[in-house]
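The next block is structure-v1.txt, given as compact mmCIF, C-alpha atoms.
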```txt
# COMPACT_ATOMS: atom_id res chain seq x y z
CA MET A 56 -25.26 -1.34 -13.17
CA ASP A 57 -27.52 -3.12 -15.64
CA GLY A 58 -28.55 -6.05 -13.48
CA THR A 59 -26.62 -8.57 -15.56
CA SER A 60 -23.55 -8.51 -13.33
CA PRO A 61 -24.01 -10.67 -10.23
CA GLU A 62 -22.18 -8.04 -8.19
CA TRP A 63 -25.01 -5.57 -8.58
CA ARG A 64 -28.45 -6.28 -7.21
CA SER A 65 -31.55 -4.17 -7.32
CA TYR A 66 -34.44 -3.56 -5.00
CA VAL A 67 -37.57 -1.44 -4.91
CA ASN A 68 -38.54 -0.25 -1.48
CA TYR A 69 -42.05 0.36 -0.18
CA ARG A 70 -43.76 3.31 -1.75
CA SER A 71 -46.69 5.07 -0.11
CA PRO A 72 -49.69 5.79 -2.37
CA PHE A 73 -49.17 9.45 -1.42
CA ASP A 74 -45.56 9.46 -2.41
CA PRO A 75 -45.17 12.21 -5.02
CA CYS A 76 -42.06 10.59 -6.44
CA SER A 77 -42.28 7.85 -9.02
CA ALA A 78 -41.10 4.35 -8.25
CA ARG A 79 -37.38 4.05 -8.48
CA VAL A 80 -35.20 0.98 -8.67
CA LYS A 81 -32.24 1.17 -6.31
CA TRP A 82 -28.98 -0.66 -6.78
CA TYR A 83 -26.43 -1.97 -4.40
CA ASP A 84 -23.03 -3.50 -4.85
CA VAL A 85 -22.42 -6.98 -3.49
CA PRO A 86 -18.77 -7.25 -2.49
CA PRO A 87 -16.79 -10.09 -4.12
CA GLU A 88 -16.08 -11.80 -0.79
CA VAL A 89 -19.81 -12.54 -0.56
CA MET A 90 -19.63 -14.32 -3.94
CA HIS A 91 -16.45 -16.27 -3.13
CA PRO A 92 -16.13 -16.47 0.65
CA VAL A 93 -13.34 -19.05 0.37
CA GLN A 94 -10.41 -18.22 -1.84
CA LYS A 95 -9.63 -21.11 -4.15
CA SER A 96 -6.23 -20.24 -5.53
CA ALA A 97 -3.45 -17.71 -5.14
CA ARG A 98 -2.32 -18.00 -8.76
CA LYS A 99 -4.06 -14.94 -10.19
CA GLN A 100 -2.35 -11.87 -8.81
CA PHE A 101 -1.74 -8.23 -9.51
CA ALA A 102 1.80 -6.96 -9.88
CA PRO A 103 3.10 -5.59 -6.53
CA GLN A 104 2.81 -1.92 -7.49
CA GLU A 105 -0.67 -2.40 -8.91
CA ALA A 106 -1.77 -4.39 -5.86
CA LEU A 107 -0.65 -1.53 -3.63
CA ARG A 108 -2.77 0.90 -5.64
CA LYS A 109 -5.83 -1.34 -5.75
CA GLY A 110 -5.63 -2.40 -2.13
CA THR A 111 -5.73 -6.11 -2.88
CA LEU A 112 -3.38 -8.64 -4.40
CA TRP A 113 -6.21 -10.69 -5.87
CA PRO A 114 -8.07 -9.62 -9.03
CA GLU A 115 -10.87 -11.92 -7.88
CA TYR A 116 -11.45 -9.72 -4.84
CA ASP A 117 -10.97 -6.36 -6.48
CA SER A 118 -14.14 -4.32 -6.28
CA PRO A 119 -13.61 -0.73 -7.30
CA TYR A 120 -16.24 1.96 -7.16
CA PRO A 121 -18.08 2.37 -10.46
CA PRO A 122 -16.76 5.18 -12.62
CA THR A 123 -18.91 8.25 -12.18
CA MET B 223 21.91 15.42 14.40
CA SER B 224 22.63 17.04 11.06
CA GLU B 225 20.25 18.90 8.81
CA THR B 226 19.98 17.81 5.19
CA ALA B 227 18.92 20.85 3.24
CA GLU B 228 19.25 19.37 -0.21
CA PRO B 229 16.39 17.30 -1.61
CA LEU B 230 16.65 13.54 -1.47
CA PRO B 231 17.60 11.64 -4.61
CA LYS B 232 14.83 10.05 -6.66
CA ALA B 233 16.18 6.61 -5.81
CA TYR B 234 15.22 7.17 -2.15
CA TYR B 235 11.56 7.41 -3.06
CA GLN B 236 11.78 4.57 -5.58
CA TYR B 237 13.24 2.32 -2.88
CA LEU B 238 10.54 3.24 -0.39
CA GLN B 239 7.75 2.78 -2.92
CA GLU B 240 9.11 -0.61 -3.95
CA LEU B 241 9.44 -1.64 -0.31
CA GLN B 242 5.87 -0.55 0.37
CA ALA B 243 4.62 -2.64 -2.56
CA LEU B 244 6.59 -5.69 -1.46
CA ASP B 245 5.31 -5.27 2.09
CA PHE B 246 1.77 -5.18 0.80
CA VAL B 247 2.24 -8.39 -1.21
CA LEU B 248 3.72 -10.05 1.88
CA VAL B 249 0.75 -8.99 4.00
CA ASP B 250 -1.80 -10.30 1.50
CA LEU B 251 0.13 -13.55 1.06
CA THR B 252 0.28 -13.90 4.85
CA LEU B 253 -3.50 -13.62 5.04
CA TYR B 254 -3.86 -16.17 2.26
CA LEU B 255 -1.41 -18.58 3.87
CA ASP B 256 -3.24 -18.31 7.19
CA THR B 257 -6.23 -20.01 5.57
CA HIS B 258 -4.27 -22.13 3.04
CA PRO B 259 -1.21 -23.36 4.97
CA ASP B 260 -0.65 -26.30 2.61
CA ASP B 261 -0.31 -24.25 -0.57
CA GLU B 262 3.35 -24.89 -1.33
CA GLN B 263 3.44 -22.64 -4.36
CA ALA B 264 2.16 -19.69 -2.35
CA LEU B 265 4.66 -20.43 0.40
CA ALA B 266 7.48 -20.50 -2.14
CA GLN B 267 6.28 -17.18 -3.47
CA PHE B 268 6.17 -15.77 0.05
CA LYS B 269 9.79 -16.81 0.60
CA GLN B 270 10.79 -15.32 -2.72
CA PHE B 271 9.21 -11.98 -1.82
CA GLN B 272 10.81 -12.14 1.62
CA LYS B 273 14.19 -12.48 -0.05
CA ARG B 274 13.43 -9.60 -2.41
CA LYS B 275 12.43 -7.40 0.52
CA HIS B 276 15.52 -8.35 2.46
CA ASN B 277 17.79 -7.53 -0.49
CA LEU B 278 16.06 -4.22 -1.05
CA MET B 279 16.29 -3.31 2.63
CA THR B 280 20.00 -4.12 2.68
CA GLN B 281 20.56 -1.93 -0.36
CA PHE B 282 18.49 0.91 1.08
CA GLU B 283 20.22 0.78 4.45
CA SER B 284 23.69 0.82 2.95
CA ALA B 285 22.74 3.84 0.84
CA PHE B 286 20.50 5.90 3.13
CA GLY B 287 20.86 4.67 6.69
CA PRO B 288 18.99 2.37 9.07
CA LEU B 289 15.31 1.47 8.65
CA HIS B 290 14.69 -0.31 11.93
CA GLN B 291 15.05 0.32 15.61
CA TYR B 292 15.84 -2.36 18.25
CA GLY B 293 19.18 -3.21 16.64
CA LEU B 294 17.55 -4.81 13.61
CA SER B 295 19.49 -2.65 11.17
CA PRO B 296 23.26 -2.98 10.83
CA ALA B 297 25.15 -0.08 12.42
CA THR B 298 27.52 0.60 9.54
CA GLY B 299 29.72 3.65 9.22
CA PRO B 300 31.91 5.33 11.81
CA SER B 301 29.19 7.35 13.54
CA TRP B 302 25.69 6.85 14.89
CA ALA B 303 23.23 7.21 11.98
CA TRP B 304 19.86 6.63 13.62
CA SER B 305 19.29 10.22 14.70
CA GLU B 306 20.23 11.69 11.33
CA THR B 307 17.58 13.37 9.21
CA PRO B 308 15.48 12.94 7.22
CA TRP B 309 13.01 11.33 9.55
CA PRO B 310 10.02 9.45 8.15
CA TRP B 311 7.62 12.36 8.59
CA GLN B 312 10.03 14.70 6.79
CA VAL B 313 10.20 12.85 3.50
```

Would you give me this structure, written as structure tokens?
Amino acid sequence: MDGTSPEWRSYVNYRSPFDPCSARVKWYDVPPEVMHPVQKSARKQFAPQEALRKGTLWPEYDSPYPPT
Amino acid sequence: MSETAEPLPKAYYQYLQELQALDFVLVDLTLYLDTHPDDEQALAQFKQFQKRKHNLMTQFESAFGPLHQYGLSPATGPSWAWSETPWPWQV
């Protein structure tokens, strides 16, 4: 979540002058299908068991939650 | 209908897990092939996984009984095996 990865984008929402909280950058995750809407190749794949765990056969479209 | 009190062998679960993984690969390849029908390599892979699934299903059915309804599984053995436990929600 450092802004260098294209899958994470940041925004700062409107802040009232009376808002007691300081400005805070918020982050959101852009899913990989937005980056590559058309799949180019089926060559890169997970092994069947791993694909079942990850929920996708394609490493290109794997987008796990960040580790907490 | 007979009750199986003893726990199922480990192989039963290994078979099911392997089948589940193969099914998942087949589903994802199906989705890919829907949008890339001319990808021969992917089609060959699909057929290969189909064969693997078929072999595994045959092995499973000969060891543990039928997987499918509607006459899709071979009715081997002298007696009717479909109603025998364990049922899917019991494993």

Any idea what's packed within 10 Å of A:Asn68, counting only C-alpha atoms, ignoring anything in its chain fewer than 2 positions away? Could you give it as a list in words?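 My reading of the contact set: Ser65, Tyr66, Arg70, Ser71, Ala78, Arg79, Val80 and Lys81 of chain A.
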
Go ahead and write the residues just picked, C-alpha atoms, as a PDB file, in the frame of the given file.
```pdb
ATOM      1  CA  SER A  65     -31.550  -4.170  -7.320  1.00  0.00           C
ATOM      2  CA  TYR A  66     -34.440  -3.560  -5.000  1.00  0.00           C
ATOM      3  CA  ARG A  70     -43.760   3.310  -1.750  1.00  0.00           C
ATOM      4  CA  SER A  71     -46.690   5.070  -0.110  1.00  0.00           C
ATOM      5  CA  ALA A  78     -41.100   4.350  -8.250  1.00  0.00           C
ATOM      6  CA  ARG A  79     -37.380   4.050  -8.480  1.00  0.00           C
ATOM      7  CA  VAL A  80     -35.200   0.980  -8.670  1.00  0.00           C
ATOM      8  CA  LYS A  81     -32.240   1.170  -6.310  1.00  0.00           C
TER       9      LYS A  81
END
```

Near chain B, which residues of chain A fall within 6 Å when you count only C-alpha atoms, and what do they look like as a PDB file with C-alpha atoms, in the coordinates of the input?
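This went into result-v3.pdb:
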```pdb
ATOM      1  CA  PRO A 103       3.100  -5.590  -6.530  1.00  0.00           C
ATOM      2  CA  GLN A 104       2.810  -1.920  -7.490  1.00  0.00           C
ATOM      3  CA  LEU A 107      -0.650  -1.530  -3.630  1.00  0.00           C
TER       4      LEU A 107
END
```

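Residue neighbourhood of stretch 286-303 of chain B, excluding near-sequence residues (fewer than 3 positions): Met223, Ser224, Leu230, Ala233, Tyr234, Met279, Thr280, Gln281, Phe282, Glu283, Glu306, Thr307, Pro308 and Pro310 of chain B, at 10 Å, using all atoms listed in the file.
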
Create the file for the chosen residues now, containing C-alpha atoms and written as a tab-separated table (two decimals), in the frame of the given file.
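The resulting out_15.tsv:
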```tsv
chain	number	residue	atom	x	y	z
B	223	MET	CA	21.91	15.42	14.40
B	224	SER	CA	22.63	17.04	11.06
B	230	LEU	CA	16.65	13.54	-1.47
B	233	ALA	CA	16.18	6.61	-5.81
B	234	TYR	CA	15.22	7.17	-2.15
B	279	MET	CA	16.29	-3.31	2.63
B	280	THR	CA	20.00	-4.12	2.68
B	281	GLN	CA	20.56	-1.93	-0.36
B	282	PHE	CA	18.49	0.91	1.08
B	283	GLU	CA	20.22	0.78	4.45
B	306	GLU	CA	20.23	11.69	11.33
B	307	THR	CA	17.58	13.37	9.21
B	308	PRO	CA	15.48	12.94	7.22
B	310	PRO	CA	10.02	9.45	8.15
```

Just give me the gap between atom CA of A:Val93 and atom CA of A:Glu115 in Å, one decimal is fine. 11.2 Å

Determine, counting all atoms listed in the file, which protein, DNA and RNA residues have an atom within 7 Å of an atom of A:Asp84; residues of the same chain fewer than 5 positions away are not included. Present the result as a VMD selection string. chain A and resid 62 to 64
